[in-house]
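Below: upload-v1.cif (mmCIF, C-alpha atoms)
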```cif
data_entry
#
loop_
_atom_site.label_atom_id
_atom_site.label_comp_id
_atom_site.auth_asym_id
_atom_site.auth_seq_id
_atom_site.Cartn_x
_atom_site.Cartn_y
_atom_site.Cartn_z
CA MET A 1 82.15 4.11 -47.15
CA VAL A 2 84.36 4.86 -44.19
CA ASN A 3 83.62 2.76 -41.21
CA PHE A 4 84.57 3.62 -37.74
CA TRP A 5 85.79 0.46 -36.13
CA THR A 6 87.96 -0.49 -39.08
CA VAL A 7 89.69 2.89 -38.90
CA ILE A 8 90.18 2.59 -35.14
CA GLY A 9 91.36 -1.01 -35.44
CA ILE A 10 93.90 -0.13 -38.11
CA SER A 11 95.12 2.93 -36.15
CA VAL A 12 95.60 0.83 -33.04
CA ALA A 13 97.32 -1.94 -35.02
CA PHE A 14 99.57 0.63 -36.71
CA THR A 15 100.56 2.14 -33.37
CA ALA A 16 101.24 -1.31 -31.92
CA PHE A 17 103.35 -2.29 -34.93
CA VAL A 18 105.41 0.88 -34.71
CA VAL A 19 105.96 0.36 -30.98
CA ILE A 20 107.01 -3.28 -31.47
CA CYS A 21 109.26 -2.34 -34.36
CA ARG A 22 110.83 0.44 -32.30
CA ALA A 23 111.32 -1.85 -29.29
CA TYR A 24 112.38 -5.21 -30.70
CA ILE A 25 113.24 -4.93 -34.38
CA TRP A 26 114.88 -1.66 -35.33
CA PRO A 27 117.56 -1.36 -32.60
CA PRO A 28 119.11 -4.85 -32.93
CA LEU A 29 119.24 -4.60 -36.70
CA ILE A 30 120.66 -1.10 -36.92
CA ASN A 31 123.12 -1.77 -34.08
CA ALA A 32 124.38 -4.95 -35.73
CA MET A 33 124.80 -3.09 -39.01
CA ARG A 34 126.69 -0.21 -37.37
CA ALA A 35 128.88 -2.66 -35.46
CA ARG A 36 129.66 -4.50 -38.69
CA GLN A 37 130.46 -1.23 -40.41
CA GLU A 38 132.81 -0.41 -37.56
CA ARG A 39 134.43 -3.84 -37.81
CA ILE A 40 134.93 -3.58 -41.53
CA ALA A 41 136.44 -0.12 -41.19
CA GLN A 42 138.72 -1.42 -38.43
CA GLY A 43 139.70 -4.42 -40.54
CA LEU A 44 140.57 -2.27 -43.53
CA GLU A 45 142.60 0.03 -41.36
CA ASN A 46 144.42 -2.93 -39.81
CA ALA A 47 145.16 -4.36 -43.24
CA GLU A 48 146.61 -1.05 -44.35
CA ARG A 49 148.74 -0.82 -41.24
CA ALA A 50 149.94 -4.41 -41.69
CA GLU A 51 150.88 -3.65 -45.27
CA GLU A 52 152.91 -0.66 -44.15
CA ALA A 53 154.62 -2.75 -41.44
CA LEU A 54 155.41 -5.44 -43.99
CA ALA A 55 156.98 -2.93 -46.37
CA LYS A 56 159.03 -1.50 -43.52
CA SER A 57 160.27 -4.88 -42.31
CA ASN A 58 161.11 -5.87 -45.89
CA ALA A 59 163.28 -2.78 -46.17
CA ASP A 60 164.85 -3.54 -42.78
CA ALA A 61 165.54 -7.11 -43.79
CA GLU A 62 167.22 -5.95 -46.98
CA VAL A 63 169.52 -3.62 -45.07
CA LEU A 64 170.35 -6.36 -42.57
CA LEU A 65 171.05 -8.82 -45.33
CA ARG A 66 173.32 -6.42 -47.14
CA ASP A 67 175.26 -5.69 -43.94
CA ALA A 68 175.55 -9.39 -43.16
CA ARG A 69 176.81 -10.14 -46.62
CA ALA A 70 179.45 -7.42 -46.39
CA GLU A 71 180.46 -8.63 -42.95
CA GLY A 72 180.77 -12.18 -44.20
CA GLN A 73 182.91 -11.09 -47.10
CA ARG A 74 185.18 -9.18 -44.75
CA VAL A 75 185.52 -12.17 -42.40
CA ILE A 76 186.36 -14.50 -45.29
CA GLU A 77 189.05 -12.16 -46.58
CA GLN A 78 190.52 -11.76 -43.13
CA ALA A 79 190.59 -15.54 -42.64
CA ARG A 80 192.26 -16.00 -45.99
CA ALA A 81 194.96 -13.45 -45.12
CA GLN A 82 195.51 -15.04 -41.74
CA ALA A 83 195.80 -18.49 -43.26
CA THR A 84 198.39 -17.26 -45.75
CA MET A 85 200.33 -15.69 -42.92
CA VAL A 86 200.23 -18.85 -40.81
CA VAL A 87 201.42 -20.97 -43.72
CA GLU A 88 204.30 -18.58 -44.40
CA GLU A 89 205.28 -18.59 -40.76
CA SER A 90 205.19 -22.38 -40.61
CA LYS A 91 207.36 -22.59 -43.69
CA ASP A 92 209.96 -20.25 -42.17
CA GLN A 93 209.93 -22.19 -38.89
CA ALA A 94 210.33 -25.46 -40.71
CA ARG A 95 213.20 -24.12 -42.72
CA GLU A 96 214.99 -22.82 -39.61
CA GLU A 97 214.40 -26.08 -37.76
CA GLY A 98 215.79 -28.01 -40.66
CA GLU A 99 218.89 -25.89 -40.80
CA ARG A 100 219.39 -26.21 -37.06
CA ILE A 101 219.09 -30.01 -37.24
CA LEU A 102 221.48 -30.06 -40.20
CA THR A 103 224.07 -27.98 -38.40
CA ALA A 104 223.85 -30.15 -35.30
CA ALA A 105 224.23 -33.28 -37.40
CA ARG A 106 227.30 -31.83 -39.16
CA ALA A 107 228.92 -30.94 -35.84
CA GLU A 108 228.33 -34.42 -34.52
CA ILE A 109 229.77 -35.95 -37.65
CA THR A 110 232.92 -33.81 -37.32
CA GLN A 111 233.22 -34.78 -33.67
CA GLU A 112 232.77 -38.42 -34.53
CA ILE A 113 235.51 -38.19 -37.19
CA ASN A 114 237.89 -36.55 -34.73
CA ARG A 115 237.15 -39.18 -32.15
CA ALA A 116 237.76 -41.97 -34.64
CA ARG A 117 240.93 -40.31 -35.81
CA GLU A 118 242.17 -40.08 -32.18
CA SER A 119 241.51 -43.72 -31.36
CA LEU A 120 243.08 -44.75 -34.68
CA ARG A 121 246.16 -42.70 -33.85
CA GLN A 122 246.50 -44.37 -30.46
CA GLU A 123 246.00 -47.79 -32.00
CA VAL A 124 248.72 -47.07 -34.55
CA ALA A 125 251.11 -45.87 -31.80
CA TYR A 126 250.52 -49.05 -29.83
CA LEU A 127 251.04 -51.19 -32.93
CA ALA A 128 254.21 -49.21 -33.77
CA VAL A 129 255.62 -49.79 -30.28
CA VAL A 130 254.72 -53.47 -30.38
CA GLY A 131 256.22 -53.80 -33.84
CA ALA A 132 259.40 -51.91 -32.95
CA SER A 133 259.94 -53.97 -29.78
CA ARG A 134 259.51 -57.15 -31.76
CA ILE A 135 261.89 -55.84 -34.41
CA LEU A 136 264.47 -54.74 -31.90
CA SER A 137 263.90 -57.89 -29.84
CA SER A 138 264.50 -55.87 -26.83
CA GLU A 139 262.35 -54.46 -24.20
CA ILE A 140 261.79 -50.76 -24.44
CA ASP A 141 261.05 -49.13 -21.25
CA ARG A 142 257.64 -47.70 -21.74
CA ARG A 143 258.35 -45.00 -19.25
CA LYS A 144 261.77 -44.03 -20.64
CA HIS A 145 260.53 -43.76 -24.16
CA SER A 146 257.18 -42.33 -23.59
CA ALA A 147 258.33 -38.89 -24.80
CA MET A 148 259.56 -40.36 -27.99
CA LEU A 149 256.32 -42.36 -28.44
CA GLU A 150 254.29 -39.27 -27.85
CA ASN A 151 256.10 -37.56 -30.63
CA LEU A 152 255.51 -40.51 -32.88
CA VAL A 153 251.82 -40.54 -32.10
CA ARG A 154 251.57 -36.84 -32.85
CA GLU A 155 253.31 -37.31 -36.17
CA LEU A 156 250.77 -39.94 -37.25
CA MET B 1 89.16 -17.10 -63.39
CA ALA B 2 85.68 -15.58 -63.59
CA GLU B 3 82.63 -16.60 -61.61
CA LYS B 4 81.58 -20.17 -62.08
CA ASP B 5 77.95 -19.15 -61.66
CA SER B 6 76.96 -18.32 -65.23
CA THR B 7 73.90 -16.35 -64.18
CA THR B 8 76.08 -13.65 -62.59
CA THR B 9 76.20 -10.44 -64.59
CA PRO B 10 79.42 -8.41 -64.73
CA THR B 11 77.80 -5.75 -62.54
CA GLU B 12 76.87 -8.28 -59.89
CA TYR B 13 80.31 -9.81 -60.13
CA ILE B 14 82.06 -6.52 -59.49
CA ALA B 15 79.63 -5.48 -56.77
CA HIS B 16 80.22 -8.80 -55.05
CA HIS B 17 83.97 -8.38 -55.22
CA LEU B 18 83.74 -4.88 -53.80
CA THR B 19 81.73 -5.91 -50.76
CA ASN B 20 83.58 -6.37 -47.51
CA LEU B 21 82.92 -9.03 -44.94
CA THR B 22 81.17 -6.65 -42.55
CA PHE B 23 80.17 -7.11 -38.94
CA GLY B 24 77.67 -4.69 -37.40
CA LYS B 25 74.17 -4.02 -36.16
CA ARG B 26 71.41 -5.10 -38.53
CA PRO B 27 68.31 -2.91 -39.02
CA ASP B 28 66.30 -5.31 -36.85
CA GLY B 29 68.65 -4.65 -33.95
CA SER B 30 70.62 -7.93 -33.95
CA TRP B 31 74.41 -8.05 -34.39
CA GLY B 32 76.09 -10.20 -37.00
CA PHE B 33 77.73 -10.39 -40.42
CA ALA B 34 76.03 -8.66 -43.33
CA ASN B 35 74.59 -11.05 -45.92
CA SER B 36 74.29 -8.56 -48.77
CA ALA B 37 75.60 -5.25 -50.01
CA GLU B 38 72.36 -3.63 -48.85
CA GLU B 39 72.88 -4.87 -45.33
CA VAL B 40 76.43 -3.55 -45.39
CA ALA B 41 75.07 -0.15 -46.36
CA GLN B 42 72.50 -0.29 -43.58
CA MET B 43 75.14 -1.14 -40.98
CA GLY B 44 76.82 2.11 -42.01
CA PHE B 45 79.50 3.94 -40.06
CA TRP B 46 79.46 1.97 -36.81
CA SER B 47 80.47 -1.38 -38.25
CA VAL B 48 83.73 -3.15 -38.92
CA HIS B 49 85.19 -4.65 -42.10
CA VAL B 50 86.41 -7.89 -40.59
CA ASP B 51 88.20 -9.08 -43.74
CA SER B 52 90.24 -5.89 -44.22
CA LEU B 53 91.10 -5.69 -40.56
CA ALA B 54 92.10 -9.35 -40.34
CA TRP B 55 94.25 -9.29 -43.48
CA ALA B 56 95.86 -6.01 -42.44
CA VAL B 57 96.72 -7.25 -38.95
CA GLY B 58 97.84 -10.61 -40.35
CA LEU B 59 100.14 -8.94 -42.89
CA GLY B 60 101.43 -6.64 -40.16
CA LEU B 61 102.32 -9.72 -38.14
CA VAL B 62 104.06 -11.19 -41.20
CA PHE B 63 106.13 -8.02 -41.36
CA LEU B 64 106.95 -8.15 -37.66
CA LEU B 65 107.82 -11.84 -37.69
CA MET B 66 110.01 -11.54 -40.76
CA PHE B 67 111.99 -8.63 -39.37
CA TRP B 68 111.99 -9.97 -35.83
CA PHE B 69 113.47 -13.20 -37.15
CA ALA B 70 116.27 -11.23 -38.78
CA ALA B 71 116.70 -8.97 -35.73
CA ARG B 72 116.97 -11.94 -33.39
CA ARG B 73 119.95 -13.35 -35.26
CA ALA B 74 121.53 -10.02 -36.17
CA THR B 75 125.25 -9.94 -35.43
CA ALA B 76 128.17 -7.90 -36.67
CA GLY B 77 129.48 -11.07 -38.35
CA VAL B 78 128.93 -12.21 -41.92
CA PRO B 79 125.18 -11.98 -42.72
CA GLY B 80 123.27 -14.66 -44.64
CA MET B 81 121.10 -14.06 -47.69
CA PHE B 82 117.91 -13.35 -45.74
CA GLN B 83 119.79 -11.20 -43.26
CA SER B 84 121.37 -9.17 -46.05
CA ALA B 85 118.01 -8.60 -47.75
CA ILE B 86 116.41 -7.40 -44.51
CA GLU B 87 119.40 -5.21 -43.73
CA ALA B 88 119.31 -3.69 -47.21
CA ILE B 89 115.73 -2.59 -46.53
CA VAL B 90 116.64 -1.26 -43.09
CA GLU B 91 119.60 0.63 -44.54
CA PHE B 92 117.38 2.11 -47.27
CA VAL B 93 114.78 3.27 -44.74
CA ASP B 94 117.49 4.63 -42.46
CA THR B 95 119.13 6.77 -45.16
CA THR B 96 115.80 7.89 -46.63
CA THR B 97 114.34 9.01 -43.33
CA LYS B 98 117.61 10.66 -42.31
CA ASP B 99 117.66 12.66 -45.55
CA ILE B 100 114.13 13.93 -44.98
CA PHE B 101 114.17 14.13 -41.21
CA PRO B 102 117.54 15.42 -39.98
CA HIS B 103 116.59 15.57 -36.29
CA LYS B 104 117.42 13.00 -33.67
CA ASN B 105 114.38 10.86 -33.00
CA PRO B 106 114.32 7.12 -32.32
CA TRP B 107 110.75 6.67 -33.57
CA VAL B 108 110.77 8.06 -37.08
CA ALA B 109 112.90 5.41 -38.80
CA PRO B 110 111.04 2.43 -37.23
CA MET B 111 107.77 4.12 -38.18
CA GLY B 112 109.01 4.53 -41.75
CA LEU B 113 110.02 0.86 -41.88
CA THR B 114 106.66 -0.24 -40.51
CA ILE B 115 104.76 1.85 -43.06
CA LEU B 116 106.93 0.82 -46.00
CA ILE B 117 106.78 -2.92 -45.43
CA TRP B 118 103.27 -3.14 -44.02
CA VAL B 119 101.73 -1.05 -46.80
CA PHE B 120 103.80 -2.93 -49.37
CA LEU B 121 102.56 -6.30 -48.10
CA MET B 122 98.95 -5.07 -48.08
CA ASN B 123 99.36 -3.74 -51.63
CA LEU B 124 101.03 -6.99 -52.67
CA MET B 125 97.78 -8.85 -52.11
CA ASP B 126 96.53 -7.01 -55.18
CA LEU B 127 98.72 -9.24 -57.35
CA VAL B 128 96.95 -12.38 -56.16
CA PRO B 129 94.41 -13.20 -58.90
CA VAL B 130 91.15 -11.60 -57.82
CA ASP B 131 89.07 -14.77 -57.63
CA TRP B 132 91.40 -17.19 -55.91
CA VAL B 133 91.03 -16.31 -52.27
CA PRO B 134 87.37 -15.15 -52.42
CA ASN B 135 86.40 -18.44 -54.09
CA ILE B 136 88.24 -20.48 -51.50
CA PHE B 137 86.35 -18.66 -48.77
CA ARG B 138 83.05 -18.81 -50.63
CA TYR B 139 82.98 -22.45 -51.71
CA TRP B 140 85.09 -24.16 -49.08
CA LEU B 141 84.50 -22.11 -45.97
CA GLY B 142 81.07 -20.71 -46.71
CA ILE B 143 82.10 -17.10 -46.22
CA GLU B 144 80.36 -15.01 -48.86
CA TYR B 145 82.46 -11.86 -48.92
CA MET B 146 86.25 -11.61 -48.72
CA LYS B 147 88.30 -8.62 -49.84
CA ILE B 148 91.95 -9.52 -49.39
CA VAL B 149 93.61 -6.22 -50.32
CA PRO B 150 93.28 -4.03 -47.20
CA THR B 151 94.60 -0.92 -48.94
CA THR B 152 91.68 -0.92 -51.38
CA ASN B 153 89.54 -0.11 -48.34
CA VAL B 154 89.55 3.60 -47.55
CA SER B 155 88.96 2.86 -43.86
CA VAL B 156 92.29 1.02 -43.72
CA THR B 157 94.32 3.72 -45.45
CA LEU B 158 92.59 6.33 -43.32
CA GLY B 159 93.42 4.31 -40.21
CA VAL B 160 97.14 4.37 -41.02
CA ALA B 161 96.98 8.03 -42.03
CA ILE B 162 95.27 8.96 -38.76
CA GLY B 163 98.00 7.12 -36.87
CA VAL B 164 100.55 9.30 -38.68
CA PHE B 165 98.37 12.39 -38.09
CA PHE B 166 98.41 11.86 -34.33
CA ILE B 167 102.19 11.55 -34.38
CA VAL B 168 102.32 14.86 -36.31
CA ILE B 169 100.02 16.56 -33.79
CA TYR B 170 102.04 15.13 -30.88
CA TYR B 171 105.35 16.47 -32.17
CA SER B 172 103.80 19.82 -33.11
CA PHE B 173 102.73 20.28 -29.49
CA LYS B 174 105.96 18.90 -28.11
CA ARG B 175 108.27 21.06 -30.22
CA LYS B 176 106.28 24.31 -30.38
CA GLY B 177 104.10 24.13 -27.29
CA PRO B 178 100.32 24.64 -27.51
CA GLY B 179 100.83 28.40 -28.00
CA GLY B 180 103.42 27.99 -30.69
CA PHE B 181 101.32 25.44 -32.50
CA LEU B 182 98.26 27.68 -32.39
CA ALA B 183 100.34 30.65 -33.52
CA GLU B 184 101.57 28.62 -36.46
CA LEU B 185 97.96 27.86 -37.38
CA ALA B 186 96.65 31.38 -36.84
CA PHE B 187 99.38 33.81 -37.95
CA HIS B 188 100.05 32.48 -41.43
CA PRO B 189 99.77 33.11 -44.30
CA PHE B 190 98.14 36.51 -43.65
CA PRO B 191 99.11 39.00 -40.88
CA LYS B 192 97.74 38.61 -37.37
CA PHE B 193 94.55 40.63 -37.87
CA ALA B 194 93.29 37.90 -40.21
CA ALA B 195 93.78 35.20 -37.58
CA PRO B 196 90.37 33.51 -38.04
CA VAL B 197 90.87 33.23 -41.79
CA ASN B 198 94.39 31.96 -41.27
CA PHE B 199 93.19 29.43 -38.75
CA VAL B 200 90.60 28.00 -41.12
CA LEU B 201 93.08 27.86 -43.99
CA GLU B 202 95.86 26.29 -41.93
CA SER B 203 93.50 23.78 -40.30
CA VAL B 204 92.39 22.64 -43.72
CA THR B 205 96.05 22.36 -44.75
CA LEU B 206 96.76 20.32 -41.65
CA LEU B 207 93.78 18.01 -42.12
CA ALA B 208 94.55 17.65 -45.81
CA LYS B 209 97.74 15.80 -44.86
CA PRO B 210 96.17 12.60 -43.51
CA VAL B 211 93.30 12.80 -45.99
CA SER B 212 95.64 13.07 -48.96
CA LEU B 213 97.82 10.26 -47.57
CA ALA B 214 94.79 8.00 -47.19
CA LEU B 215 93.08 8.84 -50.46
CA ARG B 216 96.23 8.65 -52.59
CA LEU B 217 96.97 5.11 -51.48
CA PHE B 218 93.32 4.05 -51.54
CA GLY B 219 92.71 5.56 -55.00
CA ASN B 220 95.72 3.92 -56.58
CA LEU B 221 95.00 0.49 -55.18
CA TYR B 222 91.24 0.66 -55.66
CA ALA B 223 91.69 1.59 -59.32
CA GLY B 224 94.24 -1.17 -59.76
CA GLU B 225 91.95 -3.76 -58.23
CA MET B 226 89.03 -2.56 -60.34
CA ILE B 227 91.05 -3.04 -63.51
CA PHE B 228 92.03 -6.56 -62.40
CA MET B 229 88.32 -7.29 -61.96
CA LEU B 230 87.42 -5.92 -65.37
CA ILE B 231 90.17 -8.07 -66.87
CA ALA B 232 88.84 -11.08 -64.95
CA ILE B 233 85.41 -10.56 -66.55
CA LEU B 234 87.00 -11.03 -69.97
CA TYR B 235 87.85 -14.64 -69.12
CA SER B 236 84.23 -15.74 -69.35
CA ALA B 237 83.49 -13.81 -72.56
CA GLY B 238 84.73 -16.14 -75.30
CA PHE B 239 88.08 -17.49 -76.42
CA ALA B 240 89.44 -14.33 -78.07
CA LEU B 241 88.67 -12.21 -75.01
CA PHE B 242 90.06 -14.96 -72.77
CA VAL B 243 93.43 -14.66 -74.53
CA LEU B 244 93.23 -10.87 -74.45
CA GLY B 245 92.41 -11.05 -70.76
CA GLY B 246 95.47 -13.20 -70.10
CA VAL B 247 97.74 -10.76 -71.90
CA LEU B 248 96.18 -7.75 -70.17
CA GLN B 249 96.40 -9.34 -66.74
CA ILE B 250 100.13 -10.01 -67.16
CA ALA B 251 100.73 -6.50 -68.48
CA TRP B 252 98.71 -4.83 -65.72
CA ALA B 253 100.31 -6.99 -63.02
CA LEU B 254 103.79 -6.04 -64.23
CA PHE B 255 102.85 -2.37 -64.20
CA HIS B 256 101.19 -2.80 -60.84
CA ILE B 257 104.40 -4.14 -59.27
CA LEU B 258 105.74 -0.63 -59.79
CA VAL B 259 102.60 0.97 -58.35
CA ILE B 260 102.48 -1.07 -55.15
CA VAL B 261 106.12 -0.41 -54.31
CA LEU B 262 105.89 3.24 -55.24
CA GLN B 263 102.74 3.86 -53.19
CA ALA B 264 104.26 2.20 -50.13
CA PHE B 265 107.39 4.33 -50.55
CA ILE B 266 105.36 7.54 -51.06
CA PHE B 267 103.34 6.84 -47.92
CA MET B 268 106.53 6.42 -45.92
CA VAL B 269 108.23 9.51 -47.36
CA LEU B 270 105.22 11.81 -46.93
CA SER B 271 104.65 10.62 -43.35
CA THR B 272 108.28 11.44 -42.61
CA VAL B 273 107.97 14.81 -44.33
CA TYR B 274 104.90 15.71 -42.25
CA ILE B 275 106.69 14.82 -39.03
CA ALA B 276 109.72 16.84 -40.16
CA GLN B 277 107.40 19.81 -40.73
CA ALA B 278 105.94 19.34 -37.27
CA TYR B 279 109.52 19.48 -35.94
CA GLU B 280 110.34 22.77 -37.65
CA VAL B 281 110.27 25.64 -35.18
CA PRO B 282 109.72 28.92 -37.05
CA GLU B 283 112.12 31.82 -36.54
CA GLU B 284 111.06 34.67 -34.21
CA ASP B 285 110.18 37.18 -36.92
CA GLY B 286 108.26 34.68 -39.02
CA HIS B 287 108.78 34.40 -42.73
#
```
Rewrite the structure of this file - the entire thing - as structure tokens.
Amino acid sequence: MVNFWTVIGISVAFTAFVVICRAYIWPPLINAMRARQERIAQGLENAERAEEALAKSNADAEVLLRDARAEGQRVIEQARAQATMVVEESKDQAREEGERILTAARAEITQEINRARESLRQEVAYLAVVGASRILSSEIDRRKHSAMLENLVREL
Amino acid sequence: MAEKDSTTTPTEYIAHHLTNLTFGKRPDGSWGFANSAEEVAQMGFWSVHVDSLAWAVGLGLVFLLMFWFAARRATAGVPGMFQSAIEAIVEFVDTTTKDIFPHKNPWVAPMGLTILIWVFLMNLMDLVPVDWVPNIFRYWLGIEYMKIVPTTNVSVTLGVAIGVFFIVIYYSFKRKGPGGFLAELAFHPFPKFAAPVNFVLESVTLLAKPVSLALRLFGNLYAGEMIFMLIAILYSAGFALFVLGGVLQIAWALFHILVIVLQAFIFMVLSTVYIAQAYEVPEEDGH
């Protein structure tokens, strides 16, 4: 039943197959599989880390946003207060300016009235002298009667 | 499916299917292929079963090419379908051999893979209907005998088992030294004074390993092939038996799918177990 050269042939073939498998087939396959395993493990770890980082930056962003909002609110309120103050100040200034202008105008008017009154008085004195001289038909010495004329002017 | 030659009796049919294509020295002193079962018997021990050897080597090359193809393109990137299938097998062999053989050795896992796939492919030939390939060879190529299932040949299974046996012997010497190996054979199971008895017992135990490996695989596959042949005979025995034969062939083939995978797996596991035993260094005081 058993025959020698078949047994030897199969033993030799078996040995050759194992050697070839050991040399060219097993190492590349098992190395690729281990490398992939490593890569997958690394990838999962990275994903976990990224998730943690994302959660942390979300929290950070929320804090920042809340601070910014509060800051903005504060700035707006400050601006509003400042604006109110500026408006009030302008109103006061305007009122003062107006009063000043009014006072100046009143003083000028008074001065103008006085001036008009003075020139009117002198005009009347001249007319009175001219009238009196015509009425008296005589020359009145302007120098002799100046004191009297002065008095007249002052009485007007 | 049965013989087209109607004069063939079932006995002749089976005998024909069990005869290997054998090359050897004829009784008249010339070398050549045997032309009959009697000539095969006369060629005896110093001949070669060309069909078994050729199919075995061819299937071994199929294994190597298939896995080499996957190994050549193996990367840590996303694997394709074929790649994934090959890697699943490699992963299975890797974990199985590591469970059984916890030592560091770069040869054991590749050896396990070689045995598993090679023996599986050789067993797989058993599922090819028994007349197809022999008839192609007989009527088209003029080759009278062609057994395509190498593992139904005890010389083939013994050849693989002897390969494993030499690995076992090698590691026994390497791990224990010649003295340690001899001591293991001679000082168990009885005390030292019974060394000759121990030696005989332990040698038988040692030799039983390859023999049991070879005969287990051979027996399972030989029996399976024989049943396929008996079923094939039914096809030429009337309509009712033809139908019965069809049903039986499907049933037996389905069952046999289990057998061929299981036997390949058992061969791998036991080979690994034997090498693991060869690796075990006994404690100083014995046990």
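Using only C-alpha atoms, the smallest distance between any of B:Ile169, B:Met125, B:Ile231, B:Val48 and Phe181 of chain B comes from B:Ile169.
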Taking 4 positions as the minimum chain separation for residues in the same chain, which residues sit within 10 Å of Ile8 of chain A when counting only C-alpha atoms? Answer as a PyMOL selection string. (chain A and resi 3-4+12-14) or (chain B and resi 48+53+155-156+158-160+162-163)
Expected file: the selected residues, C-alpha atoms, as a short mmCIF file (atom, residue, chain, number, x, y, z; two decimals), in the coordinates of the input:
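Result file is part38.cif:
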```
data_model
loop_
_atom_site.label_atom_id
_atom_site.label_comp_id
_atom_site.auth_asym_id
_atom_site.auth_seq_id
_atom_site.Cartn_x
_atom_site.Cartn_y
_atom_site.Cartn_z
CA ASN A 3 83.62 2.76 -41.21
CA PHE A 4 84.57 3.62 -37.74
CA VAL A 12 95.60 0.83 -33.04
CA ALA A 13 97.32 -1.94 -35.02
CA PHE A 14 99.57 0.63 -36.71
CA VAL B 48 83.73 -3.15 -38.92
CA LEU B 53 91.10 -5.69 -40.56
CA SER B 155 88.96 2.86 -43.86
CA VAL B 156 92.29 1.02 -43.72
CA LEU B 158 92.59 6.33 -43.32
CA GLY B 159 93.42 4.31 -40.21
CA VAL B 160 97.14 4.37 -41.02
CA ILE B 162 95.27 8.96 -38.76
CA GLY B 163 98.00 7.12 -36.87
#
```
The PyMOL selection byres ((chain A) within 12 of (chain B)) resolved against shown file, as JSON, numbers by chain: {"A": [1, 2, 3, 4, 5, 6, 7, 8, 9, 10, 11, 12, 13, 14, 15, 16, 17, 18, 19, 20, 21, 22, 23, 24, 25, 26, 27, 28, 29, 30, 31, 32, 33, 34, 35, 36, 37, 38, 39, 40]}
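Closest approach to Arg216 of chain B among B:Phe267, B:Phe199, B:Phe173, B:Phe239 is made by B:Phe267 (distances from all atoms listed in the file).
The two atoms in question, atom CA of Val261 of chain B and atom CA of Val119 of chain B, are spaced 8.7 Å apart.
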Distance query segment 269-278 of chain B at most 6 Å, only C-alpha atoms, self and fewer than 2 positions along chain excluded, as a PyMOL selection string: chain B and resi 101+168+171-172+266-267+280
Applying 12 Å and only C-alpha atoms, which residues near segment 138-147 of chain B remain after dropping the ones on its own chain fewer than 4 positions away? List them as an NGL selection string. :B and (3-5 or 13-23 or 33-37 or 40 or 49-56 or 122 or 125-126 or 128-134 or 151-153 or 222 or 225)
Just the residues within 12 Å of Leu182 of chain B, please, counting only C-alpha atoms, with nothing from its chain fewer than 4 positions along; format it as a ChimeraX atom specification. /B:169,172-173,176-178,186-188,195-196,198-200,202-203,206
Contacts of His256 of chain B at 8 Å or less, counting only C-alpha atoms, minus same-chain residues fewer than 4 places along, as a ChimeraX atom specification? /B:127,224,252,260
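Going from atom CA of Gly131 of chain A over to atom CA of Leu156 of chain A, you cover 15.3 Å.
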Evaluate the PyMOL selection byres ((chain B and resi 234) around 12) and record the selected residues as a list in words, following the chain and residue labels used in the document. Met1, Ala2, Glu3, Pro10, Tyr13, Ile227, Phe228, Met229, Leu230, Ile231, Ala232, Ile233, Tyr235, Ser236, Ala237, Gly238, Phe239, Ala240, Leu241, Phe242, Val243, Leu244, Gly245, Gly246, Val247, Leu248 and Gln249 of chain B
Selection from above, C-alpha atoms, as a PDB file, in the coordinates of the input, can you write it?
```
ATOM      1  CA  MET B   1      89.160 -17.100 -63.390  1.00  0.00           C
ATOM      2  CA  ALA B   2      85.680 -15.580 -63.590  1.00  0.00           C
ATOM      3  CA  GLU B   3      82.630 -16.600 -61.610  1.00  0.00           C
ATOM      4  CA  PRO B  10      79.420  -8.410 -64.730  1.00  0.00           C
ATOM      5  CA  TYR B  13      80.310  -9.810 -60.130  1.00  0.00           C
ATOM      6  CA  ILE B 227      91.050  -3.040 -63.510  1.00  0.00           C
ATOM      7  CA  PHE B 228      92.030  -6.560 -62.400  1.00  0.00           C
ATOM      8  CA  MET B 229      88.320  -7.290 -61.960  1.00  0.00           C
ATOM      9  CA  LEU B 230      87.420  -5.920 -65.370  1.00  0.00           C
ATOM     10  CA  ILE B 231      90.170  -8.070 -66.870  1.00  0.00           C
ATOM     11  CA  ALA B 232      88.840 -11.080 -64.950  1.00  0.00           C
ATOM     12  CA  ILE B 233      85.410 -10.560 -66.550  1.00  0.00           C
ATOM     13  CA  TYR B 235      87.850 -14.640 -69.120  1.00  0.00           C
ATOM     14  CA  SER B 236      84.230 -15.740 -69.350  1.00  0.00           C
ATOM     15  CA  ALA B 237      83.490 -13.810 -72.560  1.00  0.00           C
ATOM     16  CA  GLY B 238      84.730 -16.140 -75.300  1.00  0.00           C
ATOM     17  CA  PHE B 239      88.080 -17.490 -76.420  1.00  0.00           C
ATOM     18  CA  ALA B 240      89.440 -14.330 -78.070  1.00  0.00           C
ATOM     19  CA  LEU B 241      88.670 -12.210 -75.010  1.00  0.00           C
ATOM     20  CA  PHE B 242      90.060 -14.960 -72.770  1.00  0.00           C
ATOM     21  CA  VAL B 243      93.430 -14.660 -74.530  1.00  0.00           C
ATOM     22  CA  LEU B 244      93.230 -10.870 -74.450  1.00  0.00           C
ATOM     23  CA  GLY B 245      92.410 -11.050 -70.760  1.00  0.00           C
ATOM     24  CA  GLY B 246      95.470 -13.200 -70.100  1.00  0.00           C
ATOM     25  CA  VAL B 247      97.740 -10.760 -71.900  1.00  0.00           C
ATOM     26  CA  LEU B 248      96.180  -7.750 -70.170  1.00  0.00           C
ATOM     27  CA  GLN B 249      96.400  -9.340 -66.740  1.00  0.00           C
TER      28      GLN B 249
END
```
